[in-house]
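> One file: target09.txt (compact mmCIF, C-alpha atoms).
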```
# COMPACT_ATOMS: atom_id res chain seq x y z
CA MET L 1 3.84 4.28 9.43
CA THR L 2 2.50 1.72 11.89
CA ALA L 3 3.00 -2.03 11.51
CA LEU L 4 0.35 -3.88 9.51
CA THR L 5 -0.93 -5.96 12.44
CA PRO L 6 -3.39 -8.87 11.92
CA PRO L 7 -6.55 -6.84 12.79
CA ARG L 8 -5.43 -4.00 10.50
CA TYR L 9 -4.68 -6.44 7.70
CA THR L 10 -8.08 -8.10 8.22
CA LEU L 11 -9.84 -4.73 7.98
CA LEU L 12 -7.99 -3.93 4.76
CA ARG L 13 -8.97 -7.30 3.29
CA LEU L 14 -12.63 -6.83 4.22
CA VAL L 15 -12.81 -3.27 2.85
CA THR L 16 -11.24 -4.40 -0.42
CA GLY L 17 -13.46 -7.46 -0.76
CA ALA L 18 -16.60 -5.37 -0.21
CA ALA L 19 -15.55 -2.87 -2.92
CA THR L 20 -15.85 -0.02 -0.44
CA THR L 21 -13.32 2.51 0.88
CA LEU L 22 -11.79 3.42 4.22
CA LYS L 23 -13.36 6.86 3.89
CA ALA L 24 -16.86 5.48 3.32
CA GLU L 25 -16.56 3.06 6.22
CA SER L 26 -15.24 5.79 8.52
CA LEU L 27 -18.23 8.00 7.74
CA ALA L 28 -20.60 5.05 8.21
CA LEU L 29 -19.19 4.67 11.71
CA GLY L 30 -20.03 8.30 12.44
CA ARG L 31 -16.35 9.21 12.56
CA ASN L 32 -14.30 11.66 10.52
CA HIS L 33 -13.44 10.57 6.98
CA ALA L 34 -9.83 9.71 7.85
CA TYR L 35 -10.55 7.69 11.02
CA LEU L 36 -9.81 4.22 9.62
CA GLN L 37 -7.02 5.53 7.38
CA GLN L 38 -5.26 6.88 10.47
CA TYR L 39 -5.88 3.65 12.38
CA LEU L 40 -4.35 1.57 9.60
CA HIS L 41 -1.40 3.70 8.65
CA LYS L 42 -0.64 5.98 11.61
CA GLY L 43 -1.61 3.82 14.58
CA THR L 44 -4.27 6.24 15.83
CA PRO L 45 -6.14 4.85 17.66
CA GLN L 46 -3.71 2.13 18.69
CA LYS L 47 -6.60 -0.31 18.96
CA LEU L 48 -10.24 -0.05 17.93
CA PRO L 49 -12.76 0.63 20.73
CA GLU L 50 -15.45 -1.96 21.31
CA GLU L 51 -18.29 0.05 19.74
CA VAL L 52 -16.27 0.45 16.53
CA ARG L 53 -15.42 -3.25 16.43
CA VAL L 54 -19.07 -4.17 16.87
CA ALA L 55 -20.19 -1.72 14.18
CA LEU L 56 -17.59 -2.98 11.70
CA ALA L 57 -18.54 -6.57 12.46
CA ARG L 58 -22.17 -5.83 11.59
CA ARG L 59 -21.21 -4.15 8.34
CA PHE L 60 -19.00 -7.00 7.17
CA GLY L 61 -20.85 -9.92 8.74
CA VAL L 62 -17.94 -11.14 10.85
CA SER L 63 -17.16 -11.54 14.54
CA PRO L 64 -16.08 -8.36 16.37
CA ASP L 65 -13.19 -10.39 17.74
CA VAL L 66 -11.38 -10.32 14.39
CA PHE L 67 -10.68 -6.63 15.05
CA ARG L 68 -9.09 -7.20 18.46
CA GLU L 69 -5.34 -6.92 18.85
CA GLU L 70 -3.47 -10.20 18.49
CA SER L 71 -2.29 -9.98 22.12
CA ASP L 72 -5.92 -9.96 23.33
CA PRO L 73 -6.91 -13.46 24.55
CA ASN L 74 -10.28 -13.03 22.79
CA TYR L 75 -8.67 -12.26 19.42
CA GLN L 76 -10.10 -14.45 16.67
CA PRO L 77 -8.36 -14.57 13.27
CA LEU L 78 -10.62 -14.32 10.24
CA GLU L 79 -10.71 -17.64 8.43
CA GLY L 80 -8.93 -17.62 5.11
CA VAL L 81 -6.90 -14.44 5.74
CA PRO L 82 -3.13 -15.04 5.56
CA PRO L 83 -0.79 -13.32 8.01
CA PRO L 84 0.54 -9.85 7.20
CA PRO L 85 3.77 -9.65 5.19
CA ALA L 86 6.94 -10.48 7.08
CA PRO L 87 9.68 -7.84 7.44
CA PRO L 88 12.28 -7.80 4.66
CA PRO L 89 15.23 -10.14 5.21
CA ALA L 90 18.50 -8.94 6.73
CA PRO L 91 21.46 -8.14 4.47
CA ILE L 92 23.59 -11.09 3.48
CA ALA L 93 27.16 -11.33 4.70
CA ASP L 94 29.05 -10.41 1.54
CA GLY L 95 27.94 -6.77 1.51
CA GLN L 96 24.93 -7.34 -0.71
CA PHE L 97 21.28 -6.89 0.10
CA ARG L 98 18.57 -9.37 -0.75
CA ILE L 99 15.61 -7.32 -1.96
CA PRO L 100 12.26 -9.14 -1.84
CA GLU L 101 10.02 -9.29 -4.88
CA TYR L 102 6.31 -9.54 -4.13
CA ASN L 103 3.56 -10.91 -6.32
CA VAL L 104 2.01 -7.46 -6.46
CA ALA L 105 1.12 -5.77 -9.70
CA PRO L 106 0.18 -2.12 -9.12
CA GLN L 107 -2.12 -1.22 -11.96
CA ALA L 108 -0.74 1.32 -14.40
CA GLY L 109 -4.36 2.11 -15.16
CA GLY L 110 -7.42 3.60 -13.54
CA GLY L 111 -7.18 1.40 -10.44
CA ALA L 112 -8.13 -2.14 -9.55
CA ILE L 113 -8.32 -4.56 -6.62
CA PRO L 114 -4.81 -4.51 -5.15
CA THR L 115 -3.26 -7.89 -5.81
CA ASN L 116 -1.04 -7.72 -2.74
CA ILE L 117 -4.26 -8.30 -0.79
CA ALA L 118 -5.92 -10.71 -3.17
CA VAL L 119 -3.16 -13.23 -3.88
CA GLU L 120 -3.97 -16.73 -2.68
CA ASP L 121 -0.82 -17.34 -0.65
CA GLY L 122 -0.69 -13.90 0.95
CA PRO L 123 1.86 -11.14 0.42
CA ARG L 124 5.00 -13.22 0.85
CA PRO L 125 8.13 -12.73 -1.29
CA THR L 126 8.12 -14.78 -4.47
CA ASP L 127 11.79 -14.13 -5.14
CA HIS L 128 14.78 -12.06 -4.02
CA TRP L 129 17.20 -9.83 -5.88
CA SER L 130 20.77 -9.48 -4.57
CA LEU L 131 22.44 -6.15 -5.23
CA PRO L 132 25.54 -4.45 -3.75
CA ARG L 133 24.86 -2.18 -0.80
CA ARG L 134 27.06 0.54 -2.34
CA PHE L 135 24.92 0.53 -5.46
CA LEU L 136 21.71 0.74 -3.44
CA GLY L 137 23.09 3.69 -1.48
CA ALA L 138 22.48 5.83 -4.56
CA PHE L 139 18.73 5.24 -4.19
CA THR L 140 18.07 5.16 -0.45
CA GLU L 141 19.71 5.34 2.96
CA SER L 142 17.62 2.33 4.03
CA PRO L 143 18.15 -0.60 1.62
CA GLU L 144 15.95 -2.75 3.86
CA SER L 145 12.99 -0.60 2.76
CA LEU L 146 13.37 -1.55 -0.92
CA VAL L 147 11.04 -4.00 -2.65
CA VAL L 148 10.60 -5.15 -6.23
CA LEU L 149 7.12 -5.07 -7.81
CA ARG L 150 5.79 -5.96 -11.24
CA VAL L 151 3.98 -3.38 -13.38
CA ALA L 152 0.52 -4.11 -14.81
CA GLY L 153 -1.52 -2.07 -17.30
CA ASP L 154 -0.60 0.48 -19.94
CA SER L 155 -1.35 3.94 -18.51
CA MET L 156 2.32 4.60 -17.68
CA GLU L 157 3.62 3.65 -21.13
CA PRO L 158 6.06 4.19 -22.66
CA ASP L 159 8.12 4.72 -19.49
CA TYR L 160 6.72 1.72 -17.60
CA GLN L 161 5.60 -1.32 -19.56
CA ALA L 162 3.38 -4.12 -18.26
CA GLY L 163 5.54 -6.91 -16.83
CA GLU L 164 8.54 -4.71 -16.04
CA ARG L 165 9.99 -4.86 -12.54
CA VAL L 166 10.34 -1.62 -10.61
CA LEU L 167 12.39 -0.89 -7.50
CA VAL L 168 10.26 0.84 -4.84
CA ASP L 169 11.52 2.67 -1.75
CA THR L 170 8.76 1.97 0.79
CA ALA L 171 10.33 4.43 3.26
CA HIS L 172 9.46 7.33 0.92
CA ARG L 173 5.76 7.95 1.62
CA THR L 174 5.30 11.67 0.94
CA PRO L 175 4.72 12.96 -2.62
CA SER L 176 7.71 15.30 -2.53
CA PRO L 177 9.46 15.75 -4.83
CA PRO L 178 7.00 14.97 -7.64
CA GLY L 179 7.63 11.55 -9.08
CA VAL L 180 6.24 8.08 -9.75
CA TYR L 181 4.77 6.34 -6.72
CA VAL L 182 2.89 3.17 -5.81
CA LEU L 183 -0.25 4.20 -3.95
CA TRP L 184 -3.70 3.16 -2.85
CA ASP L 185 -6.03 5.79 -4.33
CA GLY L 186 -9.21 4.64 -2.60
CA PHE L 187 -10.11 2.20 -5.37
CA GLY L 188 -7.00 0.15 -5.99
CA LEU L 189 -3.23 -0.12 -5.90
CA VAL L 190 -1.86 1.97 -8.75
CA LEU L 191 1.41 3.14 -10.25
CA LYS L 192 1.12 6.86 -11.01
CA ARG L 193 2.95 10.14 -11.10
CA LEU L 194 2.10 12.24 -8.03
CA GLU L 195 2.40 15.97 -7.58
CA ILE L 196 1.04 18.19 -4.80
CA VAL L 197 -1.44 20.76 -6.14
CA TYR L 198 0.26 24.13 -5.78
CA GLY L 199 -1.45 26.32 -3.19
CA SER L 200 -3.60 23.56 -1.70
CA ASP L 201 -3.56 23.72 2.07
CA ASP L 202 -6.74 22.68 3.85
CA PRO L 203 -6.86 19.96 2.73
CA VAL L 204 -3.64 19.31 0.81
CA THR L 205 -4.52 17.72 -2.54
CA VAL L 206 -2.46 15.74 -5.01
CA GLN L 207 -2.71 15.25 -8.76
CA ILE L 208 -2.60 11.60 -9.81
CA MET L 209 -1.32 11.46 -13.36
CA SER L 210 -0.63 8.93 -16.10
CA ILE L 211 2.09 9.16 -18.74
CA ASN L 212 -0.13 7.64 -21.43
CA PRO L 213 -2.29 10.56 -22.66
CA GLY L 214 -5.25 8.23 -23.08
CA TYR L 215 -5.81 8.23 -19.32
CA PRO L 216 -7.21 11.19 -17.33
CA THR L 217 -5.59 13.03 -14.46
CA TYR L 218 -7.57 13.04 -11.22
CA VAL L 219 -7.25 14.69 -7.83
CA ARG L 220 -7.46 13.28 -4.30
CA THR L 221 -6.84 14.81 -0.91
CA LEU L 222 -3.69 13.57 0.76
CA ASP L 223 -5.85 11.92 3.45
CA GLU L 224 -7.68 9.87 0.82
CA VAL L 225 -4.56 8.14 -0.52
CA HIS L 226 -1.99 5.87 1.04
CA ILE L 227 1.46 6.11 -0.52
CA ASN L 228 3.25 2.76 -0.42
CA GLY L 229 6.54 4.06 -1.77
CA ARG L 230 8.41 5.94 -4.48
CA VAL L 231 9.69 4.23 -7.63
CA VAL L 232 13.47 4.71 -7.69
CA GLY L 233 14.41 2.41 -10.57
CA LYS L 234 13.41 -0.32 -12.97
CA TRP L 235 14.96 -3.27 -14.76
CA VAL L 236 15.25 -3.15 -18.52
CA TRP L 237 16.44 -6.05 -20.69
CA LYS L 238 17.31 -5.48 -24.34
```
Could I get this structure in the form of structure tokens?


Amino acid sequence: MTALTPPRYTLLRLVTGAATTLKAESLALGRNHAYLQQYLHKGTPQKLPEEVRVALARRFGVSPDVFREESDPNYQPLEGVPPPPAPPPAPIADGQFRIPEYNVAPQAGGGAIPTNIAVEDGPRPTDHWSLPRRFLGAFTESPESLVVLRVAGDSMEPDYQAGERVLVDTAHRTPSPPGVYVLWDGFGLVLKRLEIVYGSDDPVTVQIMSINPGYPTYVRTLDEVHINGRVVGKWVWK
């Protein structure tokens, strides 16, 4: 997973705001359907070539310079776009970890504009949760990869209710084993159960499922989704 650099973050904001998809924009550029997906999440290419920057600029009505790397002297930030999220904070001295909570509500529904991109003040932590490192070791080998998110929608009821906080391991980005993940499905940031379709190979496909029977199951190729992390726990107050 490559770092979410300013030009990558800008591209993600523009794609979301235009209600389009990375796949559609990749094809419009005359590239393969996963071209922009790989640029954003795998770092390939490391930087966009000039002809791609110019083409994207025309499609979104912005300067091509917003897609330059930040180290380029001609880089021009897009007005109104906050900086990408900062890395999680270091562990505190008493053996506990401070886990950031973000104002992000993955939709437990059919998909919606991802609020981690749309919030006014950018994706910065709104709070922190301090938990013992030993306790967190039961969920992940990398506590610094954990974040807390708030559930929205009703498609994952009764297991996940709107407003509940879930603990997400952002280092776990492959849908194996089957489980509940936070993912971008091409239309929005959603909380869903993921399972690889048995026997799928070229391309590998995944079933995206709800727990609430009132919502349908749908299928995407693995290249069409971006898995943000696996849900490893939730907070329940009674």

> Restricting the calculation to all atoms listed in the file, which member of L:Gly229, L:Gly43, L:Gly179, L:Pro64 is positioned closest to Ile208 of chain L?

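Looking at the shortest contact to Ile208 of chain L, the residue is L:Gly179.
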
> In Å, how far is it from atom CA of Gly214 of chain L to atom CA of Asn228 of chain L?

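Between atom CA of Gly214 of chain L and atom CA of Asn228 of chain L the gap is 24.8 Å.
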
> Which neighbours of segment 95-104 of chain L fall inside 6 Å, counting all atoms listed in the file, when residues of the same chain fewer than 6 positions from it are skipped, and could you give them as a VMD selection string?

chain L and resid 115 to 116 125 to 133 147 to 149

> Selected residues, C-alpha atoms, written as a tab-separated table (two decimals), in the coordinates of the input, please.


```tsv
chain	number	residue	atom	x	y	z
L	115	THR	CA	-3.26	-7.89	-5.81
L	116	ASN	CA	-1.04	-7.72	-2.74
L	125	PRO	CA	8.13	-12.73	-1.29
L	126	THR	CA	8.12	-14.78	-4.47
L	127	ASP	CA	11.79	-14.13	-5.14
L	128	HIS	CA	14.78	-12.06	-4.02
L	129	TRP	CA	17.20	-9.83	-5.88
L	130	SER	CA	20.77	-9.48	-4.57
L	131	LEU	CA	22.44	-6.15	-5.23
L	132	PRO	CA	25.54	-4.45	-3.75
L	133	ARG	CA	24.86	-2.18	-0.80
L	147	VAL	CA	11.04	-4.00	-2.65
L	148	VAL	CA	10.60	-5.15	-6.23
L	149	LEU	CA	7.12	-5.07	-7.81
```

> Work out how far atom CA of Arg134 of chain L is from atom CA of Val231 of chain L, in Å to one decimal.

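Between atom CA of Val231 of chain L and atom CA of Arg134 of chain L the gap works out to 18.5 Å.
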
> What's the separation between atom CA of Leu56 of chain L and atom CA of Leu22 of chain L, in Å to one decimal place?

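If I compute the distance from atom CA of Leu56 of chain L to atom CA of Leu22 of chain L, I get 11.4 Å.
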
> From the set L:Arg58, L:Val232, L:Asp223, L:Glu51, which residue has the shortest atom-to-atom contact distance to Tyr35 of chain L, counting all atoms listed in the file?

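With all atoms listed in the file as the atom set, the closest residue is L:Asp223.
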
> Can you tell me, as a PyMOL selection string, what residues are no more than 7 Å from segment 202-205 of chain L when counting only C-alpha atoms, ignoring any on the same chain fewer than 2 positions away?

chain L and resi 196-197+200+207+219-222

> Residues at most 12 Å from Thr44 of chain L, counting all atoms listed in the file, excluding those fewer than 3 positions away in the same chain, as a ChimeraX atom specification?

/L:1-3,8,34-41,47-49

> Select, from L:Ala171, L:Val166, L:Val52, L:Val66, the residue with the minimum atom-to-atom distance to Glu141 of chain L, counting only C-alpha atoms.

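Looking only at the distances to Glu141 of chain L, the closest residue turns out to be L:Ala171.
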
> Under the rule that only C-alpha atoms are counted, which of L:Ser71, L:Thr5, L:Ser210, L:Ser63 is the nearest residue to Lys42 of chain L?

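Counting only C-alpha atoms, the residue closest to Lys42 of chain L is L:Thr5.
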
> Determine, counting all atoms listed in the file, which protein, DNA and RNA residues have an atom within 10 Å of an atom of Val180 of chain L; residues of the same chain fewer than 4 positions away are not included. Present the result as a list in words.

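Residues near the query, excluding close chain neighbours: Met156, Val168, Pro175, Leu191, Lys192, Arg193, Leu194, Glu195, Ile208, Met209, Ser210, Ile211, Gly229, Arg230, Val231, Val232 and Gly233 of chain L.
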
> Go ahead and fit an axis-aligned box to every listed atom of segment 42-60 of chain L plus 4 Å each side, and pass me the centre and edge lengths in Å, one decimal, as AutoDock Vina command-line options.


```
--center_x -11.4 --center_y -0.4 --center_z 14.2 --size_x 29.5 --size_y 21.2 --size_z 22.1
```

> Smallest atom-to-atom distance to Ala24 of chain L: which of L:Pro45, L:Gly153, L:Gly186, L:Pro177, using only C-alpha atoms?

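Looking only at the distances to Ala24 of chain L, the closest residue turns out to be L:Gly186.
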
> So which one's closest to Leu136 of chain L, L:Thr16, L:Gln76, L:Leu167, L:Ala162? Using all atoms listed in the file, please.

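Checking each of L:Thr16, L:Gln76, L:Leu167, L:Ala162 against Leu136 of chain L, counting all atoms listed in the file, the winner is L:Leu167.
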